[in-house]
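Structure data follow from input_37.txt (compact mmCIF, C-alpha atoms and all ligand atoms):
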# COMPACT_ATOMS: atom_id res chain seq x y z
CA MET A 55 -28.28 20.45 19.65
CA SER A 56 -26.11 23.18 18.07
CA HIS A 57 -24.74 22.63 14.58
CA GLU A 58 -21.19 22.58 15.92
CA THR A 59 -22.01 19.25 17.54
CA PHE A 60 -23.04 17.83 14.17
CA GLU A 61 -19.75 19.00 12.66
CA THR A 62 -17.94 17.07 15.33
CA LEU A 63 -20.11 14.01 14.81
CA ALA A 64 -19.44 14.11 11.05
CA ALA A 65 -15.80 13.22 11.68
CA GLY A 66 -16.78 10.28 13.87
CA TYR A 67 -19.38 9.17 11.34
CA ALA A 68 -16.79 9.18 8.54
CA VAL A 69 -14.61 6.62 10.33
CA GLY A 70 -17.53 4.57 11.68
CA ALA A 71 -16.84 5.64 15.26
CA LEU A 72 -20.40 6.74 16.09
CA ASP A 73 -22.98 4.63 17.81
CA GLY A 74 -26.01 4.90 20.09
CA GLU A 75 -27.76 8.27 20.36
CA ASP A 76 -24.98 10.11 18.43
CA LEU A 77 -25.43 7.84 15.41
CA VAL A 78 -29.23 8.13 15.43
CA GLN A 79 -29.11 11.92 15.76
CA PHE A 80 -26.46 12.41 13.09
CA GLU A 81 -28.20 10.15 10.57
CA ALA A 82 -31.50 11.92 11.23
CA HIS A 83 -29.72 15.23 10.64
CA LEU A 84 -28.22 13.95 7.39
CA ALA A 85 -31.63 12.67 6.28
CA GLU A 86 -32.90 16.26 6.59
CA GLY A 87 -30.42 17.12 3.83
CA CYS A 88 -27.74 19.28 5.51
CA ALA A 89 -25.39 20.32 2.71
CA ARG A 90 -22.72 21.46 5.15
CA CYS A 91 -22.52 18.11 6.92
CA GLU A 92 -22.50 16.33 3.56
CA THR A 93 -19.48 18.44 2.60
CA ASP A 94 -17.79 17.78 5.94
CA LEU A 95 -18.38 14.09 5.55
CA ARG A 96 -16.92 14.08 2.05
CA GLU A 97 -13.85 16.00 3.22
CA TRP A 98 -13.26 13.59 6.11
CA ARG A 99 -13.52 10.62 3.77
CA GLU A 100 -11.09 12.20 1.29
CA THR A 101 -8.63 12.89 4.14
CA LEU A 102 -9.03 9.28 5.16
CA ALA A 103 -8.31 8.02 1.65
CA ARG A 104 -5.23 10.27 1.33
CA THR A 105 -3.93 9.12 4.69
CA ALA A 106 -4.38 5.51 3.71
CA VAL A 107 -1.96 6.03 0.83
CA ALA A 108 0.48 8.39 2.54
CA GLU A 109 0.81 6.90 6.01
CA PRO A 110 1.34 3.16 6.12
CA ARG A 111 1.76 2.32 9.80
CA ALA A 112 1.20 -0.49 12.27
CA ILE A 113 -2.18 -2.15 12.73
CA PRO A 114 -4.03 -0.49 15.65
CA PRO A 115 -4.83 -2.90 18.46
CA PRO A 116 -8.37 -4.34 18.46
CA GLY A 117 -10.95 -2.36 20.41
CA VAL A 118 -9.27 0.95 19.53
CA LYS A 119 -12.63 2.55 18.84
CA ASP A 120 -14.15 1.48 22.19
CA ALA A 121 -11.09 2.67 24.10
CA LEU A 122 -11.22 5.94 22.25
CA LEU A 123 -14.88 6.54 23.03
CA ARG A 124 -14.43 5.53 26.69
CA ARG A 125 -11.65 8.04 26.98
CA ILE A 126 -13.84 10.72 25.46
CA GLU A 127 -16.64 9.97 27.98
CA GLN A 128 -14.25 10.12 30.94
CA THR A 129 -12.31 13.24 30.05
CA SER A 130 -14.90 15.54 28.50
CA PRO A 131 -17.88 16.44 30.66
CA ARG A 132 -18.69 19.64 28.76
CA VAL A 133 -19.93 19.70 25.20
CA THR A 134 -17.21 22.03 23.89
CA ASP A 135 -14.42 19.97 25.47
CA ARG A 136 -16.09 16.84 24.21
CA GLY A 137 -16.09 18.33 20.72
CA ARG A 138 -12.36 19.08 20.88
CA TRP A 139 -11.61 15.63 22.15
CA LEU A 140 -13.75 14.08 19.47
CA ARG A 141 -11.95 15.99 16.74
CA TRP A 142 -8.56 14.98 18.12
CA ALA A 143 -9.59 11.43 18.82
CA VAL A 144 -11.37 10.93 15.52
CA GLY A 145 -8.45 12.48 13.62
CA THR A 146 -6.10 10.03 15.31
CA ALA A 147 -8.53 7.18 14.77
CA ALA A 148 -8.88 8.12 11.12
CA VAL A 149 -5.13 7.81 10.60
CA ALA A 150 -5.01 4.58 12.57
CA LEU A 151 -8.00 3.02 10.81
CA ALA A 152 -6.83 4.15 7.38
CA ALA A 153 -3.40 2.74 8.15
CA ALA A 154 -5.10 -0.47 9.23
CA GLY A 155 -6.86 -0.62 5.86
CA PHE A 156 -3.58 -0.06 4.05
CA THR A 157 -1.77 -2.56 6.25
CA GLY A 158 -4.60 -5.01 5.61
CA MET A 159 -4.04 -4.69 1.88
CA TYR A 160 -0.31 -5.06 2.38
CA VAL A 161 -0.83 -8.20 4.50
CA ALA A 162 -3.23 -9.58 1.88
CA ALA A 163 -0.64 -8.99 -0.85
CA ARG A 164 2.04 -10.69 1.25
CA TYR A 165 -0.33 -13.56 1.94
CA GLU A 166 -1.02 -13.96 -1.77
CA ALA A 167 2.73 -14.04 -2.40
CA VAL A 168 3.08 -16.82 0.18
CA LEU A 169 0.18 -18.72 -1.39
CA GLY A 170 1.80 -18.33 -4.80
CA ARG A 171 5.09 -19.66 -3.48
CA MET A 172 3.30 -22.62 -1.86
CA ALA A 173 1.54 -23.38 -5.14
CA ARG A 174 4.86 -23.33 -6.99
CA GLU A 175 6.49 -25.57 -4.36
CA THR A 176 3.59 -28.01 -4.57
CA ALA A 177 3.95 -28.14 -8.35
CA ALA A 178 7.70 -28.79 -7.97
CA VAL A 179 7.07 -31.67 -5.52
CA LYS A 180 4.50 -33.12 -7.93
CA GLN A 181 7.06 -32.95 -10.74
CA ARG A 182 9.70 -34.67 -8.59
CA VAL A 183 7.23 -37.45 -7.69
CA GLU A 184 6.32 -37.89 -11.36
CA ARG A 185 10.00 -38.07 -12.30
CA SER A 186 10.70 -40.67 -9.58
CA GLU A 187 7.70 -42.66 -10.78
CA ALA A 188 9.01 -42.61 -14.35
CA VAL A 189 12.43 -43.84 -13.12
CA LEU A 190 10.76 -46.66 -11.15
CA ARG A 191 8.72 -47.67 -14.19
CA GLU A 192 11.91 -47.84 -16.28
CA GLN A 193 13.63 -49.99 -13.65
CA LEU A 194 10.63 -52.28 -13.39
CA ALA A 195 10.55 -52.71 -17.18
CA LEU A 196 14.28 -53.44 -17.10
CA TYR A 197 13.87 -56.15 -14.43
CA ARG A 198 10.87 -57.66 -16.22
CA ASP A 199 12.82 -57.78 -19.49
CA GLY A 200 15.83 -59.14 -17.58
CA VAL A 201 13.77 -62.04 -16.28
CA ALA A 202 12.48 -62.75 -19.82
CA LEU A 203 16.09 -62.63 -21.12
CA LEU A 204 17.32 -65.06 -18.45
CA ARG A 205 14.50 -67.52 -19.18
CA ASP A 206 15.59 -67.71 -22.83
CA PRO A 207 18.26 -70.44 -23.30
CA ALA A 208 19.78 -68.42 -26.19
CA THR A 209 20.73 -65.58 -23.79
CA ARG A 210 24.40 -65.38 -22.87
CA VAL A 211 26.26 -63.38 -20.23
CA VAL A 212 29.21 -61.33 -21.49
CA GLU A 213 31.79 -59.86 -19.09
CA MET A 214 33.44 -56.49 -19.72
CA ARG A 215 36.67 -55.44 -18.02
CA GLY A 216 37.88 -51.99 -17.13
CA VAL A 217 40.79 -50.59 -19.16
CA GLY A 218 43.30 -47.78 -18.42
CA THR A 219 41.90 -45.11 -16.07
CA ALA A 220 38.82 -47.30 -15.54
CA ALA A 221 40.81 -50.42 -14.60
CA GLY A 222 38.69 -50.83 -11.43
CA ALA A 223 35.42 -50.82 -13.38
CA ALA A 224 33.45 -53.90 -14.42
CA GLY A 225 30.55 -54.56 -16.74
CA ARG A 226 28.21 -57.37 -17.64
CA VAL A 227 25.93 -57.70 -20.64
CA LEU A 228 22.91 -60.01 -20.80
CA TRP A 229 22.67 -60.57 -24.53
CA ASN A 230 20.26 -62.34 -26.82
CA ASP A 231 20.94 -62.04 -30.56
CA LYS A 232 17.20 -62.04 -31.37
CA ILE A 233 15.79 -59.69 -28.69
CA GLY A 234 18.76 -57.54 -27.63
CA GLY A 235 19.90 -57.25 -24.05
CA GLN A 236 20.86 -55.26 -21.00
CA VAL A 237 24.11 -53.79 -19.78
CA PHE A 238 25.14 -53.45 -16.11
CA VAL A 239 28.17 -51.35 -15.21
CA ALA A 240 29.82 -50.80 -11.81
CA SER A 241 32.67 -48.66 -10.39
CA LEU A 242 33.10 -46.50 -13.48
CA PRO A 243 34.72 -43.15 -12.49
CA ALA A 244 32.60 -40.07 -13.24
CA ALA A 245 33.24 -38.74 -16.75
CA PRO A 246 35.20 -35.42 -16.95
CA PRO A 247 33.16 -32.25 -17.64
CA GLY A 248 31.77 -32.20 -21.19
CA LYS A 249 32.36 -35.92 -21.60
CA ALA A 250 30.19 -39.03 -21.25
CA TYR A 251 30.46 -42.79 -21.71
CA GLU A 252 29.06 -44.35 -24.87
CA LEU A 253 28.31 -48.03 -25.38
CA TRP A 254 29.12 -49.86 -28.62
CA THR A 255 28.10 -53.20 -30.10
CA ILE A 256 30.80 -54.35 -32.52
CA SER A 257 30.10 -56.89 -35.30
CA GLY A 258 33.25 -57.92 -37.14
CA ARG A 259 35.06 -54.58 -37.34
CA THR A 260 31.97 -52.40 -37.38
CA PRO A 261 31.04 -50.57 -34.16
CA ARG A 262 27.39 -49.53 -33.76
CA ALA A 263 26.34 -46.88 -31.21
CA ALA A 264 24.22 -48.52 -28.47
CA GLY A 265 23.43 -45.50 -26.28
CA MET A 266 25.02 -43.22 -23.70
CA LEU A 267 25.56 -44.77 -20.26
CA ALA A 268 23.42 -43.08 -17.61
CA LEU A 269 25.79 -43.39 -14.63
CA ASP A 270 24.49 -42.81 -11.11
CA ALA A 271 26.54 -41.15 -8.36
CA ALA A 272 28.08 -44.51 -7.42
CA GLY A 273 29.35 -45.05 -10.97
CA GLN A 274 26.70 -47.64 -11.75
CA ALA A 275 24.45 -47.99 -14.78
CA ALA A 276 21.77 -50.47 -15.83
CA GLN A 277 19.99 -50.03 -19.13
CA PRO A 278 18.59 -51.86 -22.15
CA ILE A 279 20.46 -52.43 -25.45
CA ALA A 280 18.44 -52.73 -28.64
CA ALA A 281 18.89 -55.81 -30.86
CA THR A 282 21.20 -55.26 -33.83
CA PRO A 283 19.88 -55.57 -37.43
CA ASP A 284 22.24 -58.44 -38.27
CA GLY A 285 21.53 -60.19 -34.96
CA ARG A 286 25.20 -60.52 -34.19
CA VAL A 287 27.60 -58.88 -31.68
CA ASP A 288 31.22 -59.93 -31.28
CA VAL A 289 32.42 -57.34 -28.80
CA PHE A 290 30.79 -54.94 -26.35
CA ALA A 291 32.78 -51.81 -25.54
CA VAL A 292 32.43 -48.48 -23.74
CA THR A 293 34.42 -45.38 -24.74
CA LEU A 294 34.77 -41.86 -23.35
CA GLU A 295 33.16 -39.43 -25.83
CA PRO A 296 31.83 -35.86 -26.12
CA GLU A 297 28.70 -35.43 -23.95
CA GLY A 298 26.13 -35.64 -26.75
CA GLY A 299 27.58 -38.88 -28.13
CA VAL A 300 29.11 -39.60 -31.54
CA PRO A 301 28.11 -41.99 -34.39
CA ALA A 302 31.51 -43.73 -34.39
CA PRO A 303 33.95 -44.08 -31.47
CA THR A 304 36.66 -41.40 -31.14
CA GLY A 305 37.75 -41.61 -27.49
CA PRO A 306 39.65 -44.14 -25.38
CA ILE A 307 38.10 -47.51 -24.50
CA VAL A 308 37.24 -47.80 -20.76
CA LEU A 309 35.38 -51.14 -20.79
CA ALA A 310 35.52 -54.01 -23.29
CA SER A 311 34.55 -57.67 -23.64
CA LYS A 312 36.98 -60.16 -25.18
ZN ZN B 1 -25.39 19.72 9.37

Could you show the structure in this file as structure tokens?
Amino acid sequence: MSHETFETLAAGYAVGALDGEDLVQFEAHLAEGCARCETDLREWRETLARTAVAEPRAIPPPGVKDALLRRIEQTSPRVTDRGRWLRWAVGTAAVALAAAGFTGMYVAARYEAVLGRMARETAAVKQRVERSEAVLREQLALYRDGVALLRDPATRVVEMRGVGTAAGAAGRVLWNDKIGGQVFVASLPAAPPGKAYELWTISGRTPRAAGMLALDAAGQAAQPIAATPDGRVDVFAVTLEPEGGVPAPTGPIVLASK
């Protein structure tokens, strides 16, 4: 075998396109320590690496190497022709395979991005479930406390009526001077931007803040009211206030008991 043949095989060896007798012969030749083939091999691999960076292209179809080698067998009966074909074919294969490597990395990066997005979405779903669970727990506690309130003979039911712009609204307070109570509100119009509804317990002439109403989309609210220090409430009222709430009422009354 002339050395020109080995030069040709070096290109194929660099892209892993050699097999059978060619592979055995070329590896045996390398084992003998041919500096020229070592150099060739290094140059082919460097070309390959450069191409991988410079030429991102489509993934070659599977079996590209087999098809390539079959084509070489069919079209090149003579050694010199075969050598030309191999150089051409291996050069093409090198670009294709290097591009495949690059594309593979690209696909892997994309895949990781998708995995990252899925992980974030999963975390978001988990958060939503935890929030819903917290809301359900609050409601359950409210109902349990409501039952306890209703069992107590000292508990009274106080009606609130809508006033002014909230004339269609209605409220009801389950109240027990010793343990506090619960307020239920219906048909309250949504508060304007920057505003919110605040509940007050009024003893004599002194209003005491009893929390911001957490209205749902239907204008309903159901929430606990803490017991007052003096154990006495004469009037329950709701006013329209700045969003964060205020220590003493400043806005118009929208709901009030008699
Ligand atoms: Zn050699």

Could you list, as a ChimeraX atom specification, all the residues within 9 Å of ligand ZN 1 (chain B), counting only C-alpha atoms and all ligand atoms? /A:57-61,64,80,83-84,86-92,94

What is the CA of Ala173 in chain A-CA of Glu192 in chain A distance in Å, reported with one decimal? 28.8 Å

Please indicate the distance in Å from CA of Gly170 in chain A to CA of Val189 in chain A, rounded to one decimal place.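 According to the coordinates, CA of Gly170 in chain A and CA of Val189 in chain A are separated by 28.9 Å.
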
With range 197-219 of chain A as the partner and 6 Å as the cut-off, tabulate the residues of range 226-246 of chain A that qualify, each row holding the nearest pair of atoms and their distance in Å to one decimal, using all atoms listed in the file, sorted by chain and rising number, as JSON lines.
{"residue": "A:Arg226", "atom": "CA", "partner": "A:Glu213", "partner_atom": "CA", "distance": 4.6}
{"residue": "A:Val227", "atom": "CA", "partner": "A:Val212", "partner_atom": "CA", "distance": 5.0}
{"residue": "A:Leu228", "atom": "CA", "partner": "A:Val211", "partner_atom": "CA", "distance": 4.8}
{"residue": "A:Trp229", "atom": "CA", "partner": "A:Arg210", "partner_atom": "CA", "distance": 5.4}
{"residue": "A:Asn230", "atom": "CA", "partner": "A:Thr209", "partner_atom": "CA", "distance": 4.5}

Mind writing the picked residues with C-alpha atoms as an mmCIF file, in the frame of the given file?
data_model
loop_
_atom_site.group_PDB
_atom_site.id
_atom_site.type_symbol
_atom_site.label_atom_id
_atom_site.label_comp_id
_atom_site.auth_asym_id
_atom_site.auth_seq_id
_atom_site.Cartn_x
_atom_site.Cartn_y
_atom_site.Cartn_z
ATOM 1 C CA ARG A 226 28.210 -57.370 -17.640
ATOM 2 C CA VAL A 227 25.930 -57.700 -20.640
ATOM 3 C CA LEU A 228 22.910 -60.010 -20.800
ATOM 4 C CA TRP A 229 22.670 -60.570 -24.530
ATOM 5 C CA ASN A 230 20.260 -62.340 -26.820
#

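Minimum atom-to-atom distance to Gly234 in chain A, evaluated using all atoms listed in the file, belongs to A:Ala280 out of A:Leu253, A:Leu196, A:Ala280, A:Ala263.
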
Might you pull out every residue within 12 Å of Arg262 in chain A, with all atoms listed in the file counted and same-chain residues fewer than 3 positions away left off, and present them as a list in words? Glu252, Leu253, Trp254, Thr255, Ile256, Ser257, Gly258, Arg259, Gly265, Ile279, Ala280, Ala281, Thr282, Pro283, Asp284, Arg286, Val287, Asp288, Val289, Phe290, Ala291, Val292, Val300, Pro301, Ala302 and Pro303 of chain A

Coordinates-based distance that separates CA of Glu295 in chain A from CA of Ala250 in chain A (Å, one decimal):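 Between CA of Ala250 in chain A and CA of Glu295 in chain A the gap is 5.5 Å.
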
Using only C-alpha atoms, which of the listed residues (A:Ala103, A:Ala264, A:Leu190, A:Ala220) sits closest to Leu242 in chain A?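 Ranking A:Ala103, A:Ala264, A:Leu190, A:Ala220 by distance to Leu242 in chain A, first place goes to A:Ala220.
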